[in-house]
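Asker: Structure supplied as final_12.pdb; contents: PDB, C-alpha atoms.
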ATOM      1  CA  MET A 279     -72.526 -84.858  55.319
ATOM      2  CA  LEU A 280     -73.806 -81.854  53.391
ATOM      3  CA  LEU A 281     -74.643 -80.149  56.689
ATOM      4  CA  LYS A 282     -71.078 -80.801  57.883
ATOM      5  CA  TYR A 283     -69.623 -79.054  54.837
ATOM      6  CA  GLN A 284     -72.045 -76.139  55.234
ATOM      7  CA  ILE A 285     -70.961 -75.672  58.861
ATOM      8  CA  GLN A 286     -67.291 -75.881  57.859
ATOM      9  CA  LYS A 287     -67.811 -73.164  55.237
ATOM     10  CA  ILE A 288     -69.468 -70.834  57.766
ATOM     11  CA  VAL A 289     -66.725 -71.439  60.354
ATOM     12  CA  LEU A 290     -63.961 -70.780  57.813
ATOM     13  CA  ILE A 291     -65.575 -67.555  56.527
ATOM     14  CA  CYS A 292     -66.026 -66.286  60.108
ATOM     15  CA  THR A 293     -62.442 -67.208  61.058
ATOM     16  CA  ILE A 294     -60.982 -65.471  57.999
ATOM     17  CA  SER A 295     -63.093 -62.392  58.859
ATOM     18  CA  ILE A 296     -61.773 -62.304  62.438
ATOM     19  CA  ILE A 297     -58.075 -62.271  61.440
ATOM     20  CA  PRO A 298     -57.927 -58.547  60.393
ATOM     21  CA  ILE A 299     -59.773 -57.629  63.613
ATOM     22  CA  MET A 300     -57.286 -59.644  65.674
ATOM     23  CA  PHE A 301     -54.368 -58.026  63.841
ATOM     24  CA  ILE A 302     -55.689 -54.528  64.577
ATOM     25  CA  SER A 303     -56.549 -55.386  68.184
ATOM     26  CA  VAL A 304     -53.123 -56.902  68.946
ATOM     27  CA  GLY A 305     -51.366 -53.989  67.270
ATOM     28  CA  ILE A 306     -53.338 -51.324  69.157
ATOM     29  CA  LEU A 307     -53.431 -53.083  72.541
ATOM     30  CA  THR A 308     -49.669 -53.665  72.476
ATOM     31  CA  SER A 309     -49.163 -50.040  71.353
ATOM     32  CA  PHE A 310     -47.363 -51.141  68.187
ATOM     33  CA  ILE A 311     -49.661 -49.309  65.790
ATOM     34  CA  GLU A 312     -52.289 -46.604  65.695
ATOM     35  CA  LEU A 313     -54.821 -45.893  62.983
ATOM     36  CA  LYS A 314     -54.154 -42.618  61.238
ATOM     37  CA  PHE A 315     -56.182 -41.160  58.380
ATOM     38  CA  SER A 316     -54.600 -38.595  56.069
ATOM     39  CA  ILE A 317     -55.055 -37.223  52.574
ATOM     40  CA  LEU A 318     -51.930 -39.038  51.371
ATOM     41  CA  ASN A 319     -53.143 -42.388  52.717
ATOM     42  CA  SER A 320     -56.563 -41.840  51.160
ATOM     43  CA  VAL A 321     -54.992 -41.058  47.772
ATOM     44  CA  LEU A 322     -52.800 -44.175  48.001
ATOM     45  CA  PHE A 323     -55.830 -46.285  48.903
ATOM     46  CA  LEU A 324     -57.854 -44.933  45.969
ATOM     47  CA  ALA A 325     -54.893 -45.573  43.667
ATOM     48  CA  LEU A 326     -54.707 -49.150  44.929
ATOM     49  CA  VAL A 327     -58.442 -49.676  44.383
ATOM     50  CA  TYR A 328     -58.255 -48.148  40.900
ATOM     51  CA  SER A 329     -55.305 -50.386  39.998
ATOM     52  CA  ILE A 330     -57.178 -53.510  41.115
ATOM     53  CA  TYR A 331     -60.329 -52.335  39.284
ATOM     54  CA  THR A 332     -58.517 -51.724  35.969
ATOM     55  CA  LYS A 333     -56.688 -55.066  36.210
ATOM     56  CA  ASN A 334     -60.028 -56.765  36.837
ATOM     57  CA  ILE A 335     -61.508 -55.092  33.744
ATOM     58  CA  GLU A 336     -58.535 -56.205  31.636
ATOM     59  CA  TYR A 337     -58.846 -59.748  32.989
ATOM     60  CA  ASN A 338     -62.585 -59.839  32.204
ATOM     61  CA  LYS A 339     -61.940 -58.580  28.665
ATOM     62  CA  HIS A 340     -59.337 -61.298  28.177
ATOM     63  CA  ILE A 341     -61.743 -63.955  29.487
ATOM     64  CA  ASN A 342     -64.628 -62.738  27.319
ATOM     65  CA  ASN A 343     -62.418 -62.691  24.229
ATOM     66  CA  ASN A 344     -61.563 -66.319  24.940
ATOM     67  CA  LEU A 345     -65.215 -67.210  25.512
ATOM     68  CA  GLU A 346     -66.158 -65.763  22.130
ATOM     69  CA  GLU A 347     -63.768 -68.224  20.496
ATOM     70  CA  PHE A 348     -65.454 -71.219  22.124
ATOM     71  CA  THR A 349     -68.212 -73.218  20.442
ATOM     72  CA  GLU A 350     -71.610 -73.429  22.113
ATOM     73  CA  LEU A 351     -72.690 -76.985  22.856
ATOM     74  CA  SER A 352     -76.226 -78.276  22.968
ATOM     75  CA  LEU A 353     -77.121 -81.251  25.143
ATOM     76  CA  GLY A 354     -79.931 -83.547  24.169
ATOM     77  CA  GLU A 355     -82.502 -83.169  26.935
ATOM     78  CA  ALA A 356     -83.540 -86.811  26.607
ATOM     79  CA  SER A 357     -79.952 -88.070  27.006
ATOM     80  CA  TYR A 358     -79.108 -85.676  29.832
ATOM     81  CA  GLN A 359     -82.473 -85.489  31.587
ATOM     82  CA  GLU A 360     -80.842 -85.926  35.040
ATOM     83  CA  VAL A 361     -78.869 -82.721  34.486
ATOM     84  CA  TYR A 362     -81.901 -80.722  33.390
ATOM     85  CA  LYS A 363     -83.939 -82.220  36.240
ATOM     86  CA  PHE A 364     -81.274 -81.036  38.703
ATOM     87  CA  CYS A 365     -81.787 -77.459  37.458
ATOM     88  CA  GLU A 366     -85.568 -77.825  37.415
ATOM     89  CA  ILE A 367     -85.694 -78.988  41.058
ATOM     90  CA  ARG A 368     -83.710 -75.912  42.082
ATOM     91  CA  ASN A 369     -85.793 -73.515  39.941
ATOM     92  CA  SER A 370     -82.811 -72.497  37.837
ATOM     93  CA  SER A 371     -82.080 -72.581  34.139
ATOM     94  CA  PHE A 372     -79.232 -74.580  32.644
ATOM     95  CA  PRO A 373     -76.202 -72.327  31.959
ATOM     96  CA  LYS A 374     -74.724 -71.888  28.520
ATOM     97  CA  LEU A 375     -72.364 -74.763  27.726
ATOM     98  CA  LEU A 376     -69.178 -73.927  25.798
ATOM     99  CA  LEU A 377     -66.528 -76.143  24.204
ATOM    100  CA  ASP A 378     -62.863 -75.229  24.527
ATOM    101  CA  ASP A 379     -61.158 -76.843  21.521
ATOM    102  CA  SER A 380     -57.886 -77.351  23.394
ATOM    103  CA  ASP A 381     -56.548 -80.793  24.302
ATOM    104  CA  SER A 382     -56.133 -79.769  27.952
ATOM    105  CA  ILE A 383     -58.300 -81.536  30.528
ATOM    106  CA  LYS A 384     -60.453 -79.035  32.386
ATOM    107  CA  ALA A 385     -63.968 -77.859  33.178
ATOM    108  CA  TYR A 386     -64.959 -74.677  34.953
ATOM    109  CA  THR A 387     -67.781 -72.178  35.380
ATOM    110  CA  ILE A 388     -67.381 -68.481  34.620
ATOM    111  CA  LYS A 389     -69.480 -65.371  33.903
ATOM    112  CA  ASN A 390     -69.498 -63.885  30.405
ATOM    113  CA  SER A 391     -69.829 -60.207  29.436
ATOM    114  CA  THR A 392     -73.601 -60.323  29.999
ATOM    115  CA  LYS A 393     -73.086 -61.662  33.558
ATOM    116  CA  GLN A 394     -74.480 -65.040  32.503
ATOM    117  CA  TYR A 395     -72.826 -68.134  33.931
ATOM    118  CA  CYS A 396     -71.217 -70.446  31.385
ATOM    119  CA  ILE A 397     -69.832 -73.932  31.899
ATOM    120  CA  VAL A 398     -66.681 -74.434  29.820
ATOM    121  CA  ILE A 399     -65.518 -77.964  29.026
ATOM    122  CA  SER A 400     -62.357 -78.720  27.093
ATOM    123  CA  ASN A 401     -62.251 -81.062  24.137
ATOM    124  CA  GLY A 402     -59.532 -83.058  25.896
ATOM    125  CA  LEU A 403     -61.879 -83.799  28.802
ATOM    126  CA  ILE A 404     -64.795 -84.780  26.561
ATOM    127  CA  GLU A 405     -62.594 -87.239  24.664
ATOM    128  CA  LEU A 406     -61.411 -88.766  27.936
ATOM    129  CA  ILE A 407     -64.755 -89.445  29.649
ATOM    130  CA  ASN A 408     -68.041 -91.181  28.884
ATOM    131  CA  LYS A 409     -71.577 -89.746  28.999
ATOM    132  CA  ASP A 410     -72.263 -90.620  32.655
ATOM    133  CA  GLU A 411     -68.969 -89.070  33.720
ATOM    134  CA  LEU A 412     -69.809 -85.935  31.719
ATOM    135  CA  LYS A 413     -73.086 -85.739  33.635
ATOM    136  CA  SER A 414     -71.132 -85.820  36.897
ATOM    137  CA  VAL A 415     -68.912 -82.966  35.660
ATOM    138  CA  LEU A 416     -71.996 -80.882  34.852
ATOM    139  CA  ILE A 417     -73.726 -81.645  38.163
ATOM    140  CA  HIS A 418     -70.502 -80.781  40.005
ATOM    141  CA  GLU A 419     -70.370 -77.369  38.308
ATOM    142  CA  LEU A 420     -74.111 -76.799  38.836
ATOM    143  CA  ALA A 421     -73.643 -77.649  42.527
ATOM    144  CA  HIS A 422     -71.151 -74.775  42.819
ATOM    145  CA  LEU A 423     -73.799 -72.432  41.389
ATOM    146  CA  TYR A 424     -76.563 -73.876  43.573
ATOM    147  CA  LYS A 425     -74.452 -73.435  46.725
ATOM    148  CA  LYS A 426     -73.411 -69.890  45.682
ATOM    149  CA  ASP A 427     -69.742 -70.847  46.003
ATOM    150  CA  PHE A 428     -68.609 -68.130  43.589
ATOM    151  CA  PHE A 429     -70.277 -65.448  45.729
ATOM    152  CA  TYR A 430     -68.655 -66.727  48.934
ATOM    153  CA  THR A 431     -65.267 -66.990  47.233
ATOM    154  CA  LYS A 432     -65.474 -63.337  46.152
ATOM    155  CA  LEU A 433     -66.622 -62.375  49.652
ATOM    156  CA  ILE A 434     -63.563 -64.024  51.228
ATOM    157  CA  LYS A 435     -61.226 -62.308  48.746
ATOM    158  CA  LEU A 436     -62.824 -58.984  49.696
ATOM    159  CA  ILE A 437     -62.346 -59.751  53.407
ATOM    160  CA  MET A 438     -58.704 -60.622  52.764
ATOM    161  CA  PHE A 439     -58.289 -57.172  51.203
ATOM    162  CA  ILE A 440     -59.110 -55.561  54.591
ATOM    163  CA  LEU A 441     -55.642 -56.311  55.988
ATOM    164  CA  PRO A 442     -53.638 -54.258  53.441
ATOM    165  CA  PHE A 443     -56.303 -51.548  53.787
ATOM    166  CA  VAL A 444     -55.676 -51.399  57.552
ATOM    167  CA  LEU A 445     -51.908 -51.291  57.048
ATOM    168  CA  LEU A 446     -52.274 -48.355  54.693
ATOM    169  CA  PHE A 447     -53.982 -46.357  57.437
ATOM    170  CA  SER A 448     -51.675 -47.516  60.222
ATOM    171  CA  LYS A 449     -48.677 -45.850  61.795
ATOM    172  CA  ILE A 450     -46.039 -47.657  63.828
ATOM    173  CA  LYS A 451     -45.538 -46.238  67.294
ATOM    174  CA  ASN A 452     -42.002 -46.088  68.665
ATOM    175  CA  GLU A 453     -40.304 -47.151  65.458
ATOM    176  CA  THR A 454     -37.653 -49.422  66.908
ATOM    177  CA  LEU A 455     -36.228 -52.503  65.250
ATOM    178  CA  PHE A 456     -38.135 -54.663  67.726
ATOM    179  CA  THR A 457     -41.567 -53.146  67.004
ATOM    180  CA  ILE A 458     -41.009 -53.279  63.238
ATOM    181  CA  VAL A 459     -39.957 -56.951  63.381
ATOM    182  CA  ILE A 460     -42.937 -57.873  65.589
ATOM    183  CA  LEU A 461     -45.345 -56.047  63.279
ATOM    184  CA  LEU A 462     -43.894 -57.742  60.202
ATOM    185  CA  LEU A 463     -44.161 -61.124  61.919
ATOM    186  CA  LEU A 464     -47.808 -60.452  62.778
ATOM    187  CA  LEU A 465     -48.468 -59.408  59.191
ATOM    188  CA  VAL A 466     -46.763 -62.454  57.644
ATOM    189  CA  ILE A 467     -48.494 -64.852  60.044
ATOM    190  CA  SER A 468     -51.883 -63.221  59.379
ATOM    191  CA  ILE A 469     -51.473 -63.449  55.596
ATOM    192  CA  LEU A 470     -50.285 -67.061  55.734
ATOM    193  CA  VAL A 471     -53.145 -68.093  58.019
ATOM    194  CA  GLN A 472     -55.695 -66.339  55.787
ATOM    195  CA  ASN A 473     -54.352 -68.081  52.683
ATOM    196  CA  PHE A 474     -54.282 -71.427  54.497
ATOM    197  CA  LEU A 475     -57.917 -71.032  55.614
ATOM    198  CA  PHE A 476     -58.965 -69.869  52.141
ATOM    199  CA  SER A 477     -57.323 -72.990  50.713
ATOM    200  CA  LEU A 478     -59.315 -75.100  53.198
ATOM    201  CA  PHE A 479     -62.513 -73.315  52.149
ATOM    202  CA  GLN A 480     -61.840 -74.057  48.481
ATOM    203  CA  LYS A 481     -61.245 -77.712  49.298
ATOM    204  CA  VAL A 482     -64.501 -77.908  51.265
ATOM    205  CA  ILE A 483     -66.577 -76.542  48.366
ATOM    206  CA  GLU A 484     -64.983 -79.104  46.032
ATOM    207  CA  TYR A 485     -65.780 -81.966  48.425
ATOM    208  CA  GLU A 486     -69.323 -80.639  48.747
ATOM    209  CA  ALA A 487     -69.846 -80.401  44.970
ATOM    210  CA  ASP A 488     -68.466 -83.944  44.570
ATOM    211  CA  LEU A 489     -70.839 -85.184  47.265
ATOM    212  CA  ILE A 490     -73.870 -83.529  45.650
ATOM    213  CA  ALA A 491     -72.992 -85.092  42.284
ATOM    214  CA  GLY A 492     -72.393 -88.464  43.953
ATOM    215  CA  MET A 493     -75.662 -88.388  45.897
ATOM    216  CA  TYR A 494     -77.637 -87.302  42.832
ATOM    217  CA  LEU A 495     -76.119 -89.575  40.165
ATOM    218  CA  GLY A 496     -74.554 -92.253  42.325
ATOM    219  CA  ALA A 497     -70.920 -92.289  43.370
ATOM    220  CA  THR A 498     -69.659 -94.617  40.621
ATOM    221  CA  PRO A 499     -69.487 -92.178  37.641
ATOM    222  CA  VAL A 500     -67.935 -89.473  39.814
ATOM    223  CA  ILE A 501     -65.300 -91.888  41.129
ATOM    224  CA  THR A 502     -64.423 -93.253  37.671
ATOM    225  CA  LEU A 503     -64.152 -89.667  36.404
ATOM    226  CA  LEU A 504     -61.717 -88.733  39.170
ATOM    227  CA  GLU A 505     -59.726 -91.923  38.633
ATOM    228  CA  LYS A 506     -59.252 -91.007  34.959
ATOM    229  CA  LEU A 507     -58.220 -87.482  35.949
ATOM    230  CA  GLU A 508     -55.773 -88.881  38.494
ATOM    231  CA  ILE A 509     -53.941 -90.765  35.740
ATOM    232  CA  LYS A 510     -53.701 -87.652  33.551
ATOM    233  CA  THR A 511     -52.895 -85.063  36.239
ATOM    234  CA  ILE A 512     -49.375 -83.913  37.095
ATOM    235  CA  PRO A 513     -48.769 -84.314  40.880
ATOM    236  CA  MET A 514     -48.332 -80.995  42.699
ATOM    237  CA  THR A 515     -45.031 -82.280  44.114
ATOM    238  CA  GLU A 516     -43.625 -81.880  40.595
ATOM    239  CA  VAL A 517     -44.729 -78.239  40.401
ATOM    240  CA  LYS A 518     -42.113 -75.887  41.853
ATOM    241  CA  PHE A 519     -42.539 -72.392  43.306
ATOM    242  CA  SER A 520     -46.283 -72.215  42.806
ATOM    243  CA  LYS A 521     -48.853 -70.821  45.233
ATOM    244  CA  GLU A 522     -51.068 -73.756  44.236
ATOM    245  CA  ARG A 523     -48.483 -76.122  45.682
ATOM    246  CA  PHE A 524     -48.529 -74.496  49.125
ATOM    247  CA  PHE A 525     -52.165 -73.319  49.181
ATOM    248  CA  PRO A 526     -54.007 -75.670  46.766
ATOM    249  CA  SER A 527     -57.474 -74.682  45.583
ATOM    250  CA  HIS A 528     -58.520 -78.322  45.181
ATOM    251  CA  PRO A 529     -58.087 -81.411  47.349
ATOM    252  CA  THR A 530     -56.002 -84.214  45.905
ATOM    253  CA  LEU A 531     -57.936 -86.506  43.576
ATOM    254  CA  LYS A 532     -57.032 -89.413  45.856
ATOM    255  CA  ASN A 533     -58.743 -87.723  48.817
ATOM    256  CA  ARG A 534     -61.775 -86.793  46.717
ATOM    257  CA  ILE A 535     -62.182 -90.430  45.663
ATOM    258  CA  LYS A 536     -61.788 -91.565  49.273
ATOM    259  CA  LYS A 537     -64.559 -89.199  50.414
ATOM    260  CA  LEU A 538     -66.912 -90.390  47.676
ATOM    261  CA  LYS A 539     -66.396 -94.035  48.624
ATOM    262  CA  GLN A 540     -67.806 -93.148  52.055
ATOM    263  CA  ILE A 541     -71.242 -92.334  50.615
TER     264      ILE A 541
END
Take the structure from the file and write it as structure tokens.

Answerer:
Amino acid sequence: MLLKYQIQKIVLICTISIIPIMFISVGILTSFIELKFSILNSVLFLALVYSIYTKNIEYNKHINNNLEEFTELSLGEASYQEVYKFCEIRNSSFPKLLLDDSDSIKAYTIKNSTKQYCIVISNGLIELINKDELKSVLIHELAHLYKKDFFYTKLIKLIMFILPFVLLFSKIKNETLFTIVILLLLLVISILVQNFLFSLFQKVIEYEADLIAGMYLGATPVITLLEKLEIKTIPMTEVKFSKERFFPSHPTLKNRIKKLKQI
């Protein structure tokens, strides 16, 4: 099953990469657009890149300020030997573990200001689960690191940036209402398909991380963890006007449990 998820990830990355090429090819072959480089377009592109870069810096500062407020946790190696063994087998060190004092229920992995990966676990989640379920949370997060999911996610986001880049250096030929409408339709369809495929990719990496944790620790603690989360989680059908509702980054907990029961 791990091989199946790996193949799915490769197929999705390749498909997302092809979409900008298809958009350009259809536009040029049908004589709707032509690529045109100019000083003005170059300045606009650099301004766009600079804007994204500064926003990214501000976001990282905000994240690091939050991380500094979290308490560092220390796991007893004897009690959590399976977790440390998982890292040892893969020749990697255990990331820094941080406690978010909030009552929210969440766990995630993020880089700090020194580019070191940290696993953040909320107090609300720790109070909800037992030790074996906490191990499954940690293995799940470590599986994302082991499979380089964060690198591939950033790669896809970079690929998705190609489309607006192409549009910036494109000029519509024969600017009629028909050509403009067709071009806009192509653009909207391309963006929607890219977001849909990216959502599928994110779901695949979650299934894969669940499977790795289930194969390593046994499916039972992972399933009981997800069942507890299912009780506490607000269904996406109750969330209105959110990108997460239309292009979710995670599969439903029900589907994740179903997959694990197939191990």

Asker: Grab the atom CA of A:Pro529 to atom CA of A:Ile541 distance for me, in Å with one decimal place.

Answerer: 17.4 Å

Asker: On this structure, the PyMOL selection byres ((chain A and resi 351-356) around 10) would catch which residues? List them as JSON, numbers by chain, sorted by chain and number.

Answerer: {"A": [348, 349, 350, 357, 358, 359, 360, 361, 362, 363, 374, 375, 376, 377, 397, 398, 399]}

Asker: Kindly give the distance, in Å, that separates atom CA of A:Ile437 and atom CA of A:Pro298, rounded to a single decimal.

Answerer: 8.4 Å

Asker: Using atom CA of A:Thr293 and atom CA of A:Gln480 as the two end points, give the distance in Å to one decimal.

Answerer: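 Going from atom CA of A:Thr293 over to atom CA of A:Gln480, I get 14.3 Å.
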
Asker: Considering all atoms listed in the file, give me a table of residues in stretch 283-367 of chain A that are at most 10 Å from stretch 420-427 of chain A, with the closest atom pair and distance in Å for each, as JSON lines.

Answerer:
{"residue": "A:Gln284", "atom": "CA", "partner": "A:Lys425", "partner_atom": "CA", "distance": 9.2}
{"residue": "A:Lys287", "atom": "CA", "partner": "A:Asp427", "partner_atom": "CA", "distance": 9.7}
{"residue": "A:Val361", "atom": "CA", "partner": "A:Leu420", "partner_atom": "CA", "distance": 8.8}
{"residue": "A:Phe364", "atom": "CA", "partner": "A:Leu420", "partner_atom": "CA", "distance": 8.3}
{"residue": "A:Cys365", "atom": "CA", "partner": "A:Leu420", "partner_atom": "CA", "distance": 7.8}

Asker: May I have the residues within 12 Å of A:Tyr337 as a list in words, using all atoms listed in the file and disregarding those fewer than 6 positions away in the same chain?

Answerer: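 Close residues of A:Tyr337: Ile330, Tyr331, Asn343, Asn344, Asn390 and Ser391 of chain A.
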
Asker: In terms of the shortest atom-to-atom distance over only C-alpha atoms, which of A:His528, A:Leu507, A:Thr392, A:Phe372 is closest to A:Val482?

Answerer: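 Among the listed residues, the smallest separation from A:Val482 belongs to A:His528.
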
Asker: Name every residue that the PyMOL selection byres ((chain A and resi 400) around 9) selects in this structure, writing the answer as a list in words with chains first and numbers rising.

Answerer: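 Selected by the PyMOL selection byres ((chain A and resi 400) around 9) in this file: Leu376, Leu377, Asp378, Asp379, Ser380, Asp381, Ser382, Ile383, Lys384, Ala385, Val398, Ile399, Asn401, Gly402, Leu403, Ile404 and Glu405 of chain A.
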
Asker: May I ask which of the residues A:Ala497, A:Leu461, A:Ile535, A:Cys396 is the closest one to A:Leu345, counting all atoms listed in the file?

Answerer: A:Cys396

Asker: Mind checking which residues fall within 9 Å of A:Leu475, counting all atoms listed in the file, ignoring those fewer than 3 positions away in the same chain, and posting them as a list of chain:residue names?

Answerer: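 Listed by chain and then number, they are A:Leu290, A:Ile291, A:Thr293, A:Ile294, A:Leu470, A:Val471, A:Gln472, A:Leu478, A:Phe479, A:Gln480, A:Phe525.
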
Asker: Of the candidates A:Ile483, A:Ile509, A:Leu503, A:Ile367, which shows the shortest atom-to-atom distance to A:Thr431, using only C-alpha atoms?

Answerer: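 Closest to A:Thr431 of all the choices is A:Ile483.
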
Asker: In terms of the shortest atom-to-atom distance over only C-alpha atoms, which of A:Ile407, A:Val459, A:Ile317, A:Val466 is closest to A:Thr502?

Answerer: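 Ranking A:Ile407, A:Val459, A:Ile317, A:Val466 by distance to A:Thr502, first place goes to A:Ile407.
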
Asker: Just say which residues the PyMOL selection byres ((chain A and resi 495) around 9) picks in this file, as an mmCIF file with C-alpha atoms, in the coordinates of the input.

Answerer:
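Output below, filename result-v5.cif:
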data_model
loop_
_atom_site.group_PDB
_atom_site.id
_atom_site.type_symbol
_atom_site.label_atom_id
_atom_site.label_comp_id
_atom_site.auth_asym_id
_atom_site.auth_seq_id
_atom_site.Cartn_x
_atom_site.Cartn_y
_atom_site.Cartn_z
ATOM 1 C CA GLU A 360 -80.842 -85.926 35.040
ATOM 2 C CA ASP A 410 -72.263 -90.620 32.655
ATOM 3 C CA LYS A 413 -73.086 -85.739 33.635
ATOM 4 C CA SER A 414 -71.132 -85.820 36.897
ATOM 5 C CA ILE A 417 -73.726 -81.645 38.163
ATOM 6 C CA ILE A 490 -73.870 -83.529 45.650
ATOM 7 C CA ALA A 491 -72.992 -85.092 42.284
ATOM 8 C CA GLY A 492 -72.393 -88.464 43.953
ATOM 9 C CA MET A 493 -75.662 -88.388 45.897
ATOM 10 C CA TYR A 494 -77.637 -87.302 42.832
ATOM 11 C CA GLY A 496 -74.554 -92.253 42.325
ATOM 12 C CA ALA A 497 -70.920 -92.289 43.370
ATOM 13 C CA THR A 498 -69.659 -94.617 40.621
ATOM 14 C CA PRO A 499 -69.487 -92.178 37.641
ATOM 15 C CA VAL A 500 -67.935 -89.473 39.814
#

Asker: For A:Leu538, which residue out of A:Ser295, A:Thr511, A:Leu504, A:Lys521 is the nearest one, using only C-alpha atoms?

Answerer: A:Leu504
